[in-house]
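Text of final39.txt (compact mmCIF, C-alpha atoms) as supplied:
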```
# COMPACT_ATOMS: atom_id res chain seq x y z
CA MET A 1 -19.44 1.54 20.75
CA LYS A 2 -18.25 3.62 23.69
CA PRO A 3 -14.67 2.98 24.90
CA ARG A 4 -14.23 0.54 27.72
CA TYR A 5 -13.37 1.97 31.17
CA SER A 6 -11.35 0.16 33.79
CA ALA A 7 -11.65 1.17 37.41
CA LYS A 8 -7.90 0.77 37.68
CA THR A 9 -7.10 3.43 35.07
CA PRO A 10 -6.10 7.07 35.83
CA TRP A 11 -9.80 7.94 35.34
CA ALA A 12 -10.43 7.14 39.02
CA VAL A 13 -7.64 9.48 40.06
CA ALA A 14 -9.13 12.23 37.93
CA LEU A 15 -12.52 11.71 39.58
CA VAL A 16 -11.07 11.94 43.08
CA ALA A 17 -9.14 15.07 42.17
CA SER A 18 -12.09 16.87 40.58
CA VAL A 19 -14.64 16.00 43.24
CA THR A 20 -12.16 16.59 46.07
CA LEU A 21 -11.47 20.00 44.58
CA ALA A 22 -15.18 20.66 44.69
CA LEU A 23 -15.31 19.56 48.32
CA SER A 24 -12.68 22.14 49.19
CA GLY A 25 -15.55 24.62 49.16
CA CYS A 26 -17.06 23.01 52.28
CA GLY A 27 -17.51 25.52 55.05
CA GLY A 28 -19.91 27.79 53.18
CA SER A 29 -17.61 30.04 51.16
CA SER A 30 -18.55 30.39 47.51
CA GLY A 31 -15.23 31.99 46.59
CA GLY A 32 -14.73 35.21 44.68
CA GLY A 33 -14.87 37.46 47.75
CA GLY A 34 -18.66 37.69 47.63
CA SER A 35 -18.61 40.19 44.78
CA SER A 36 -21.03 38.08 42.72
CA ALA A 37 -23.86 35.74 43.65
CA PRO A 38 -22.84 32.04 43.54
CA LYS A 39 -24.38 30.00 40.73
CA LEU A 40 -24.94 26.33 40.08
CA SER A 41 -25.76 24.80 36.69
CA GLY A 42 -25.77 21.41 35.07
CA THR A 43 -27.80 18.77 33.27
CA ALA A 44 -30.68 16.72 34.62
CA ALA A 45 -31.17 13.51 32.65
CA VAL A 46 -31.95 9.82 32.87
CA GLY A 47 -30.48 9.23 29.42
CA ALA A 48 -33.28 11.30 28.00
CA ALA A 49 -33.15 14.91 29.14
CA ILE A 50 -35.60 15.81 31.91
CA VAL A 51 -37.58 18.63 30.33
CA GLY A 52 -39.54 21.08 32.45
CA GLY A 53 -38.38 19.60 35.75
CA THR A 54 -38.12 21.74 38.87
CA VAL A 55 -34.67 21.92 40.47
CA THR A 56 -34.65 22.60 44.21
CA ALA A 57 -31.66 23.36 46.43
CA ARG A 58 -31.50 22.72 50.19
CA CYS A 59 -28.40 24.45 51.47
CA SER A 60 -26.49 24.45 54.75
CA ASP A 61 -28.56 27.31 56.17
CA GLY A 62 -31.86 25.89 54.91
CA SER A 63 -32.08 28.33 51.97
CA THR A 64 -32.72 27.48 48.33
CA PHE A 65 -32.28 29.18 44.96
CA THR A 66 -33.11 32.84 44.74
CA GLN A 67 -35.53 32.10 41.90
CA THR A 68 -37.49 29.17 40.49
CA VAL A 69 -35.21 26.89 38.50
CA THR A 70 -36.62 24.76 35.67
CA THR A 71 -34.83 22.47 33.22
CA ASP A 72 -34.96 23.41 29.55
CA ALA A 73 -35.55 21.26 26.46
CA ASN A 74 -32.04 19.80 26.79
CA GLY A 75 -32.28 19.11 30.51
CA ASN A 76 -30.01 22.04 31.30
CA TRP A 77 -30.63 24.30 34.28
CA SER A 78 -29.00 27.18 36.15
CA GLY A 79 -29.74 28.74 39.52
CA THR A 80 -28.37 31.47 41.78
CA LEU A 81 -27.74 31.04 45.53
CA ASN A 82 -27.23 33.41 48.37
CA SER A 83 -23.61 33.85 49.36
CA GLY A 84 -22.13 31.57 51.95
CA VAL A 85 -24.79 28.85 51.84
CA LEU A 86 -22.80 25.94 50.33
CA PRO A 87 -22.81 22.95 50.52
CA CYS A 88 -26.27 22.23 49.12
CA ALA A 89 -28.40 19.18 48.43
CA LEU A 90 -30.12 19.25 45.03
CA ARG A 91 -33.27 17.62 43.74
CA VAL A 92 -35.10 17.60 40.41
CA THR A 93 -38.79 16.66 40.36
CA GLY A 94 -41.52 16.50 37.77
CA GLY A 95 -40.94 17.28 34.13
CA THR A 96 -40.74 14.81 31.30
CA PRO A 97 -39.87 12.07 32.01
CA PRO A 98 -41.22 12.66 35.54
CA ASP A 99 -38.31 11.39 37.66
CA THR A 100 -37.09 12.52 41.06
CA LEU A 101 -33.30 12.56 41.29
CA TYR A 102 -30.71 13.96 43.69
CA SER A 103 -27.23 15.48 43.70
CA TYR A 104 -24.80 17.39 45.89
CA ALA A 105 -22.82 20.62 45.46
CA SER A 106 -19.98 21.77 47.67
CA SER A 107 -18.86 24.61 45.39
CA THR A 108 -20.18 26.68 42.52
CA GLY A 109 -20.03 25.47 38.94
CA THR A 110 -21.35 22.38 37.20
CA VAL A 111 -23.52 19.97 39.17
CA ASN A 112 -25.39 17.25 37.29
CA ILE A 113 -28.50 15.53 38.62
CA THR A 114 -28.83 11.96 37.34
CA PRO A 115 -29.41 8.38 38.46
CA LEU A 116 -25.62 8.11 38.91
CA THR A 117 -25.48 10.99 41.39
CA THR A 118 -28.54 9.59 43.12
CA LEU A 119 -26.93 6.15 43.51
CA ALA A 120 -23.67 7.72 44.73
CA LEU A 121 -25.57 9.63 47.45
CA ALA A 122 -27.32 6.44 48.57
CA GLN A 123 -23.92 4.74 48.73
CA ALA A 124 -22.29 7.64 50.60
CA THR A 125 -25.04 8.32 53.15
CA ASN A 126 -26.62 4.87 53.60
CA GLN A 127 -29.93 6.71 53.37
CA LEU A 128 -32.63 7.02 50.80
CA PRO A 129 -31.73 10.23 48.96
CA ALA A 130 -35.22 11.60 49.65
CA ASP A 131 -34.66 11.23 53.41
CA TRP A 132 -31.16 12.68 53.17
CA PHE A 133 -32.44 15.67 51.20
CA ALA A 134 -35.28 16.34 53.64
CA ALA A 135 -32.92 16.36 56.63
CA PHE A 136 -29.88 17.97 54.99
CA ASP A 137 -28.16 20.37 57.37
CA GLY A 138 -24.92 21.10 55.55
CA THR A 139 -22.99 18.04 56.71
CA PRO A 140 -20.37 17.33 54.00
CA VAL A 141 -20.80 14.15 51.92
CA ASP A 142 -17.88 12.14 50.49
CA VAL A 143 -19.34 11.78 47.03
CA SER A 144 -15.93 11.18 45.39
CA THR A 145 -15.42 7.82 47.11
CA ALA A 146 -19.06 6.85 46.61
CA ALA A 147 -18.98 7.78 42.91
CA ASN A 148 -15.87 5.64 42.40
CA GLN A 149 -17.57 2.72 44.12
CA VAL A 150 -20.67 3.05 41.92
CA LEU A 151 -18.56 3.26 38.76
CA ASP A 152 -16.46 0.27 39.83
CA ALA A 153 -19.65 -1.76 40.30
CA LEU A 154 -20.93 -0.69 36.88
CA ASP A 155 -17.60 -1.58 35.29
CA THR A 156 -17.68 -5.03 36.90
CA ALA A 157 -21.22 -5.49 35.56
CA GLY A 158 -19.97 -4.89 32.02
CA PHE A 159 -20.99 -1.30 31.39
CA ASP A 160 -18.96 0.87 29.02
CA LEU A 161 -17.80 3.90 30.98
CA PRO A 162 -16.48 7.24 29.70
CA VAL A 163 -12.71 7.50 29.67
CA SER A 164 -12.58 10.60 31.88
CA GLY A 165 -14.61 12.92 34.09
CA ASN A 166 -17.10 12.20 36.86
CA PRO A 167 -20.88 12.02 37.13
CA PHE A 168 -21.22 15.07 39.39
CA THR A 169 -19.20 17.88 37.79
CA THR A 170 -18.35 16.87 34.21
CA PRO A 171 -20.59 18.73 31.72
CA PHE A 172 -22.41 16.50 29.24
CA ALA A 173 -25.21 16.66 26.70
CA ALA A 174 -28.24 14.40 26.72
CA ASP A 175 -27.35 13.03 23.28
CA GLY A 176 -26.83 9.31 23.93
CA THR A 177 -23.03 9.51 24.04
CA GLY A 178 -20.47 9.58 26.85
CA TRP A 179 -22.04 9.99 30.27
CA ASP A 180 -25.50 10.16 28.73
CA GLY A 181 -24.87 6.87 26.93
CA LEU A 182 -24.04 5.31 30.30
CA LEU A 183 -27.36 6.62 31.67
CA ASP A 184 -29.19 5.06 28.71
CA ASP A 185 -27.48 1.72 29.34
CA LEU A 186 -28.26 1.82 33.07
CA LYS A 187 -31.92 2.56 32.39
CA GLN A 188 -32.12 -0.34 29.94
CA ALA A 189 -30.36 -2.69 32.37
CA ILE A 190 -32.84 -1.85 35.13
CA THR A 191 -35.72 -2.47 32.71
CA ASP A 192 -34.23 -5.82 31.67
CA ASP A 193 -33.61 -7.05 35.25
CA PRO A 194 -36.71 -8.82 36.64
CA ALA A 195 -35.39 -8.33 40.18
CA LEU A 196 -35.56 -4.52 39.87
CA ALA A 197 -38.87 -2.75 39.59
CA ASP A 198 -37.26 0.60 38.86
CA LEU A 199 -34.41 2.92 39.81
CA ASP A 200 -35.88 3.45 43.28
CA ALA A 201 -35.60 -0.28 43.95
CA LEU A 202 -31.91 -0.20 43.01
CA VAL A 203 -31.34 2.90 45.16
CA THR A 204 -32.89 1.09 48.14
CA LEU A 205 -30.57 -1.90 47.69
CA VAL A 206 -27.55 0.39 47.42
CA LYS A 207 -28.36 2.38 50.56
CA ASP A 208 -28.65 -0.95 52.42
CA GLY A 209 -25.04 -1.77 51.48
CA ASN A 210 -25.73 -4.11 48.56
CA LEU A 211 -24.04 -2.11 45.77
CA ALA A 212 -21.77 -4.95 44.59
CA THR A 213 -24.66 -7.37 44.06
CA ALA A 214 -27.46 -4.95 43.28
CA VAL A 215 -26.13 -3.40 40.07
CA PRO A 216 -27.74 -5.20 37.08
CA ASP A 217 -25.72 -6.62 34.23
CA ALA A 218 -25.07 -4.23 31.38
CA PRO A 219 -27.42 -4.71 28.43
CA PRO A 220 -25.81 -6.35 25.44
CA PRO A 221 -24.86 -3.93 22.68
CA PRO A 222 -27.24 -3.75 19.72
CA SER A 223 -26.71 -6.46 17.15
CA TYR A 224 -27.20 -6.33 13.41
CA GLN A 225 -27.43 -8.72 10.48
CA VAL A 226 -25.17 -8.91 7.43
CA SER A 227 -26.80 -10.22 4.27
CA GLY A 228 -26.61 -9.99 0.50
CA THR A 229 -26.71 -12.13 -2.63
CA ILE A 230 -24.73 -14.73 -4.55
CA ALA A 231 -24.88 -14.71 -8.36
CA GLY A 232 -23.21 -16.66 -11.14
CA ALA A 233 -22.29 -19.68 -9.01
CA SER A 234 -22.40 -23.07 -10.70
CA GLY A 235 -22.90 -24.78 -7.34
CA SER A 236 -22.55 -24.21 -3.62
CA LEU A 237 -19.71 -22.00 -2.39
CA ILE A 238 -18.31 -21.91 1.15
CA TRP A 239 -18.14 -18.46 2.79
CA GLU A 240 -17.08 -17.10 6.17
CA ILE A 241 -17.95 -13.94 8.07
CA ARG A 242 -15.17 -12.74 10.32
CA VAL A 243 -14.82 -10.16 13.09
CA ASP A 244 -11.33 -8.76 13.54
CA GLY A 245 -10.02 -11.69 11.50
CA PHE A 246 -11.73 -14.42 13.55
CA ILE A 247 -14.51 -16.59 12.10
CA ARG A 248 -17.92 -15.83 13.60
CA ASN A 249 -20.09 -17.81 11.19
CA ASP A 250 -19.75 -19.78 7.96
CA GLY A 251 -21.91 -21.66 5.53
CA GLY A 252 -22.43 -23.06 2.06
CA SER A 253 -24.82 -21.28 -0.30
CA SER A 254 -25.66 -21.13 -3.98
CA ASN A 255 -27.22 -18.35 -6.04
CA GLY A 256 -29.79 -16.16 -4.31
CA PRO A 257 -30.24 -14.21 -1.04
CA VAL A 258 -27.86 -15.10 1.79
CA THR A 259 -27.68 -14.07 5.46
CA PHE A 260 -24.09 -14.33 6.58
CA THR A 261 -24.68 -13.77 10.30
CA SER A 262 -26.28 -16.14 12.77
CA LEU A 263 -29.72 -15.39 14.22
CA ALA A 264 -28.01 -13.49 17.04
CA GLY A 265 -26.32 -11.17 14.56
CA LEU A 266 -23.09 -9.30 15.24
CA GLU A 267 -22.50 -6.68 17.91
CA GLU A 268 -22.60 -3.02 17.00
CA GLY A 269 -19.12 -1.74 16.25
CA SER A 270 -17.82 -5.10 15.01
CA ASN A 271 -15.15 -4.87 12.31
CA TRP A 272 -16.58 -7.50 9.97
CA SER A 273 -15.67 -9.02 6.63
CA VAL A 274 -17.15 -11.67 4.35
CA VAL A 275 -14.58 -13.89 2.60
CA ILE A 276 -14.77 -16.83 0.20
CA ASN A 277 -13.45 -20.05 1.71
CA SER A 278 -14.06 -22.30 -1.28
CA PRO A 279 -15.67 -21.38 -4.64
CA PRO A 280 -17.51 -23.91 -6.83
CA ALA A 281 -15.19 -26.15 -8.84
CA GLY A 282 -13.88 -24.40 -11.93
CA GLN A 283 -14.97 -20.94 -10.77
CA THR A 284 -13.60 -17.85 -9.06
CA CYS A 285 -15.78 -15.66 -6.83
CA ASN A 286 -15.36 -12.03 -5.76
CA VAL A 287 -17.00 -10.14 -2.87
CA ALA A 288 -18.25 -6.55 -3.22
CA ASN A 289 -19.31 -4.41 -0.23
CA GLY A 290 -17.77 -7.15 1.90
CA SER A 291 -16.35 -5.39 4.96
CA GLY A 292 -16.89 -2.50 7.36
CA THR A 293 -17.67 -1.42 10.90
CA LEU A 294 -21.17 -2.51 11.88
CA THR A 295 -23.54 0.34 12.78
CA ALA A 296 -26.74 -0.98 11.17
CA ASP A 297 -28.03 -3.96 9.22
CA VAL A 298 -25.99 -4.57 6.06
CA THR A 299 -27.94 -5.88 3.07
CA ASN A 300 -25.75 -5.22 0.03
CA VAL A 301 -22.93 -7.77 0.22
CA ALA A 302 -22.60 -9.16 -3.31
CA ILE A 303 -20.71 -12.34 -4.21
CA THR A 304 -20.29 -12.81 -7.96
CA CYS A 305 -18.83 -15.98 -9.46
CA GLN A 306 -17.57 -16.74 -12.94
CA ASP A 307 -16.03 -19.68 -14.72
CA VAL A 308 -12.26 -19.98 -14.67
CA VAL A 309 -11.04 -19.56 -18.25
CA VAL A 310 -8.16 -22.00 -18.75
CA PRO A 311 -6.10 -20.98 -21.78
CA PRO A 312 -5.26 -23.90 -24.10
CA ALA A 313 -1.75 -25.31 -24.08
CA THR A 314 0.55 -23.87 -26.71
CA TYR A 315 3.56 -25.36 -28.47
CA SER A 316 6.29 -24.15 -30.78
CA ILE A 317 7.22 -25.36 -34.28
CA SER A 318 10.88 -25.15 -35.24
CA GLY A 319 13.47 -26.72 -37.48
CA THR A 320 16.23 -25.80 -39.93
CA ILE A 321 16.91 -24.32 -43.34
CA SER A 322 19.85 -25.69 -45.30
CA GLY A 323 21.33 -25.38 -48.78
CA ALA A 324 19.91 -21.92 -49.35
CA SER A 325 21.96 -19.35 -51.22
CA GLY A 326 19.94 -16.54 -49.65
CA ALA A 327 16.84 -15.87 -47.57
CA VAL A 328 13.93 -18.30 -47.80
CA GLY A 329 10.41 -16.93 -47.35
CA TRP A 330 8.14 -19.23 -45.38
CA GLU A 331 4.64 -19.26 -43.89
CA THR A 332 3.07 -21.27 -41.08
CA ARG A 333 -0.64 -22.01 -41.49
CA ILE A 334 -3.50 -23.33 -39.40
CA GLY A 335 -5.69 -25.12 -41.85
CA ALA A 336 -5.61 -22.94 -44.95
CA ALA A 337 -5.23 -19.66 -43.02
CA ALA A 338 -1.92 -17.89 -42.57
CA PHE A 339 -0.73 -17.88 -38.93
CA HIS A 340 2.87 -16.66 -38.98
CA SER A 341 5.52 -15.90 -41.58
CA GLY A 342 9.15 -14.97 -41.92
CA SER A 343 12.29 -15.00 -44.01
CA ASN A 344 15.49 -16.75 -42.95
CA GLY A 345 18.74 -18.05 -44.28
CA ASN A 346 20.46 -21.29 -43.39
CA GLY A 347 20.30 -22.33 -39.74
CA ALA A 348 17.80 -22.89 -36.95
CA VAL A 349 14.37 -21.35 -37.44
CA THR A 350 11.26 -21.07 -35.22
CA PHE A 351 8.15 -21.03 -37.37
CA THR A 352 5.74 -19.89 -34.58
CA PRO A 353 5.64 -16.60 -32.63
CA VAL A 354 6.81 -16.35 -29.01
CA THR A 355 3.30 -17.22 -27.80
CA GLY A 356 3.36 -20.46 -29.75
CA MET A 357 0.39 -22.16 -31.40
CA GLU A 358 -2.63 -23.68 -29.64
CA GLU A 359 -2.71 -27.37 -28.95
CA ASP A 360 -4.52 -29.55 -31.53
CA SER A 361 -4.08 -27.02 -34.34
CA SER A 362 -3.85 -28.53 -37.84
CA TRP A 363 -0.61 -26.89 -39.00
CA SER A 364 1.68 -26.74 -41.99
CA VAL A 365 4.83 -24.91 -43.06
CA ILE A 366 5.18 -23.87 -46.72
CA VAL A 367 7.85 -22.04 -48.70
CA THR A 368 6.60 -18.77 -50.15
CA SER A 369 9.81 -17.67 -51.86
CA ALA A 370 13.12 -19.37 -52.65
CA PRO A 371 16.48 -17.77 -53.40
CA ALA A 372 17.02 -16.97 -57.08
CA GLY A 373 18.05 -20.02 -59.04
CA GLN A 374 17.03 -22.45 -56.32
CA THR A 375 14.14 -24.64 -55.34
CA CYS A 376 13.28 -25.43 -51.70
CA ASN A 377 11.33 -28.35 -50.31
CA VAL A 378 9.79 -28.88 -46.84
CA SER A 379 9.93 -32.18 -44.98
CA ASN A 380 8.11 -32.95 -41.71
CA GLY A 381 6.11 -29.84 -42.54
CA SER A 382 2.56 -30.58 -41.35
CA GLY A 383 0.54 -32.30 -38.65
CA THR A 384 -1.76 -31.90 -35.64
CA LEU A 385 -0.01 -30.05 -32.82
CA THR A 386 0.21 -32.06 -29.58
CA ALA A 387 3.74 -31.15 -28.49
CA ASP A 388 6.66 -28.99 -29.55
CA VAL A 389 7.78 -29.78 -33.11
CA THR A 390 11.51 -29.45 -33.74
CA ASN A 391 12.21 -31.37 -36.97
CA VAL A 392 10.76 -29.25 -39.79
CA ALA A 393 13.44 -29.20 -42.51
CA ILE A 394 13.56 -26.83 -45.47
CA THR A 395 16.20 -27.96 -47.96
CA CYS A 396 17.19 -25.85 -50.96
CA GLU A 397 19.20 -26.71 -54.10
CA ASP A 398 20.21 -25.04 -57.31
CA ILE A 399 17.95 -25.42 -60.31
CA VAL A 400 19.76 -27.52 -63.05
CA VAL A 401 18.91 -26.25 -66.62
CA PRO A 402 19.39 -29.08 -69.24
CA PRO A 403 21.24 -28.09 -72.54
CA THR A 404 19.31 -27.66 -75.77
CA THR A 405 19.35 -30.81 -77.92
CA TYR A 406 19.12 -31.27 -81.71
CA THR A 407 18.71 -34.17 -84.10
CA ILE A 408 21.16 -35.30 -86.78
CA SER A 409 19.60 -36.89 -89.85
CA GLY A 410 20.22 -37.37 -93.53
CA THR A 411 20.03 -39.98 -96.29
CA ILE A 412 21.87 -42.97 -97.60
CA SER A 413 21.86 -43.55 -101.35
CA GLY A 414 23.59 -45.76 -103.93
CA ALA A 415 24.21 -48.47 -101.39
CA SER A 416 23.87 -52.02 -102.64
CA ALA A 417 23.24 -53.18 -99.12
CA SER A 418 22.95 -51.86 -95.55
CA VAL A 419 25.50 -49.33 -94.44
CA GLN A 420 26.86 -49.64 -90.91
CA TRP A 421 27.30 -46.17 -89.33
CA GLU A 422 28.27 -44.64 -85.98
CA THR A 423 27.65 -41.19 -84.46
CA ARG A 424 30.29 -39.80 -82.15
CA VAL A 425 30.53 -36.83 -79.76
CA GLY A 426 34.03 -35.49 -79.62
CA GLY A 427 35.47 -38.74 -80.89
CA ALA A 428 33.56 -40.79 -78.37
CA PHE A 429 30.93 -43.25 -79.40
CA TYR A 430 27.43 -41.87 -78.97
CA HIS A 431 25.08 -43.84 -81.28
CA ASP A 432 25.24 -46.27 -84.22
CA GLY A 433 23.01 -48.07 -86.65
CA SER A 434 22.68 -49.87 -89.97
CA ASN A 435 20.48 -48.60 -92.76
CA GLY A 436 19.98 -49.00 -96.47
CA ASN A 437 19.25 -46.28 -98.97
CA GLY A 438 16.83 -43.64 -97.75
CA ALA A 439 16.36 -41.19 -94.89
CA VAL A 440 18.29 -41.88 -91.69
CA THR A 441 18.30 -40.25 -88.20
CA PHE A 442 21.70 -40.55 -86.66
CA PHE A 443 20.61 -39.35 -83.18
CA PHE A 444 17.97 -40.61 -80.83
```
For the file at hand, write its structure as structure tokens.
Amino acid sequence: MKPRYSAKTPWAVALVASVTLALSGCGGSSGGGGSSAPKLSGTAAVGAAIVGGTVTARCSDGSTFTQTVTTDANGNWSGTLNSGVLPCALRVTGGTPPDTLYSYASSTGTVNITPLTTLALAQATNQLPADWFAAFDGTPVDVSTAANQVLDALDTAGFDLPVSGNPFTTPFAADGTGWDGLLDDLKQAITDDPALADLDALVTLVKDGNLATAVPDAPPPPSYQVSGTIAGASGSLIWEIRVDGFIRNDGGSSNGPVTFTSLAGLEEGSNWSVVINSPPAGQTCNVANGSGTLTADVTNVAITCQDVVVPPATYSISGTISGASGAVGWETRIGAAAFHSGSNGNGAVTFTPVTGMEEDSSWSVIVTSAPAGQTCNVSNGSGTLTADVTNVAITCEDIVVPPTTYTISGTISGASASVQWETRVGGAFYHDGSNGNGAVTFFF
């Protein structure tokens, strides 16, 4: 998009200065002491270059160019004058497209011939440019004021104007940008306005003093569509398309093709972006190719959704070891599979890693090795994990080895009756009995 011009910017001052400087040549002198023939050159265009058009000069003494002047494939032309003949009226006729346009030169150098110079002459002279050209006698024309008035009217009508220069003496190329872009827009605006048959109709209104109301509204800038696809969505997602951060359109769509712009599209040059307002429940959605500066239709915006993976809750299992004479080897299991292991002495112990164990795991803590000469038992050592466990208890104790035992037996003989006996350990009663003759066990 071409930059916006305001009639109140220094641009207007630059125009007055440049055209006024050109007018300083009024009086017929071409400058340079007459050592070289004065030349004029410029571009003839209506947006499109006028190709093969004939450029004619009508100067203050009635003379014209010293040779036939024809525009080239780019609308450019150049012609030589006799010395001392400025100012001159200029006209291009014929060519492709076959337009007749007018301009004015008060000094040598660049002089463009366009609808803008034609309108400025109608504004300055209050004549049809064709009549002014036919009767031109060298009377100076205040094209600087008229050009400013034409540009002010175009600015008010919404046209984008170049940031500097002027329609008469600023060189330009017929390439659709800058001054040529303004010519393209003016041509389109005249075509779009049902009240204007053509440029000549506008020129007639301007020469009659109707510039402020005659200029048509600027054509709207081109508009483009932004579209793409949604994939992976489990339902409808809410999206927005924004321009410079402000919402221009929104909607709810599920998987498939999506057009993010309204039927009117977005203006050329818009800084656009597509954002997700609300994804489907339980999903996240990402946008690819989702922003830019609009210069053509966009068709490759891609929104891809995927389920949100919620990690399960985790808990820790801890407790204590007591009574151990050394390190106790332990193992935490989920089902029958080992999950975590370690070796600790007496004190607080965490039987799970830092990341914990997933909720609802069927867990157990077992002892894999006990200190020498000890046995260790686990209490509160298994369950289904629904919260942190803090009461696993491993308790160790020394192994007690019982002494070896023997029997004491013998016989009783010669007794006429039962013999009462007693077995003692270190003088202390241990066992007793009463037996007659025969074998006797004195220990049980």
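You will find CA of Ala439 (chain A) at 23.8 Å from CA of Gly427 (chain A).
Nearest-residue note for Ser253 (chain A): choosing from A:Leu151, A:Ile303, A:Ala281, A:Leu385, the minimum distance belongs to A:Ile303, counting only C-alpha atoms.
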Could you build a table of the residues in region 145-194 of chain A lying no more than 12 Å from region 74-81 of chain A, giving for each the nearest pair of atoms and their separation in Å rounded to one decimal place, using all atoms listed in the file, ordered by chain and ascending residue number, as a tab-separated table?
```
residue	atom	partner	partner_atom	distance
A:Pro171	CA	A:Asn76	CA	10.0
A:Phe172	CA	A:Asn76	CA	9.6
A:Ala173	CA	A:Asn74	CA	7.5
A:Ala174	CA	A:Asn74	CA	6.6
A:Asp175	CA	A:Asn74	CA	9.0
A:Asp180	CA	A:Gly75	CA	11.4
```
Export C-alpha atoms of the chosen residues as a tab-separated table (two decimals), in the frame of the given file?
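Okay, out03.tsv is ready:
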```tsv
chain	number	residue	atom	x	y	z
A	171	PRO	CA	-20.59	18.73	31.72
A	172	PHE	CA	-22.41	16.50	29.24
A	173	ALA	CA	-25.21	16.66	26.70
A	174	ALA	CA	-28.24	14.40	26.72
A	175	ASP	CA	-27.35	13.03	23.28
A	180	ASP	CA	-25.50	10.16	28.73
```
Distance query region 139-141 of chain A at most 8 Å, all atoms listed in the file, self and fewer than 2 positions along chain excluded, as a PyMOL selection string: chain A and resi 23+26+60+87+104+106+121+124-125+136-137+143
Report as a tab-separated table: every residue of region 235-354 of chain A with an atom at most 12 Å from region 211-221 of chain A, its closest pair of atoms, and their distance in Å to one decimal, counting only C-alpha atoms, with rows sorted by chain and ascending residue number.
```
residue	atom	partner	partner_atom	distance
A:Ala264	CA	A:Pro220	CA	11.2
A:Gly265	CA	A:Pro221	CA	11.0
A:Leu266	CA	A:Pro221	CA	9.3
A:Glu267	CA	A:Pro221	CA	6.0
A:Glu268	CA	A:Pro221	CA	6.2
A:Gly269	CA	A:Pro221	CA	8.9
A:Ser270	CA	A:Pro221	CA	10.5
A:Leu294	CA	A:Pro221	CA	11.5
A:Thr295	CA	A:Pro221	CA	10.9
```
Spatial neighbours of region 408-414 of chain A, 7 Å, only C-alpha atoms, chain gap at least 6 places, as a list of chain:residue names: A:Gly436, A:Asn437, A:Gly438, A:Ala439, A:Val440, A:Thr441, A:Phe442, A:Phe443
Residue nearest Val287 (chain A) - candidates A:Ser236, A:Asp208, A:Ala231, A:Val243, atoms counted: only C-alpha atoms: A:Ala231
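CA of Gly251 (chain A) lies 19.4 Å from CA of Gly282 (chain A).
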Distance in Å - CA of Leu199 (chain A) versus CA of Thr108 (chain A): 27.8 Å
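Closest approach to Glu331 (chain A) from the set A:Pro312, A:Gly94, A:Pro353, A:Pro280 is made by A:Pro353, with distances taken over all atoms listed in the file.
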All residues 9 Å or closer to region 336-344 of chain A, all atoms listed in the file, same chain fewer than 2 positions away omitted, as a ChimeraX atom specification: /A:321,326-334,346-349,351-353,357,363-364,369
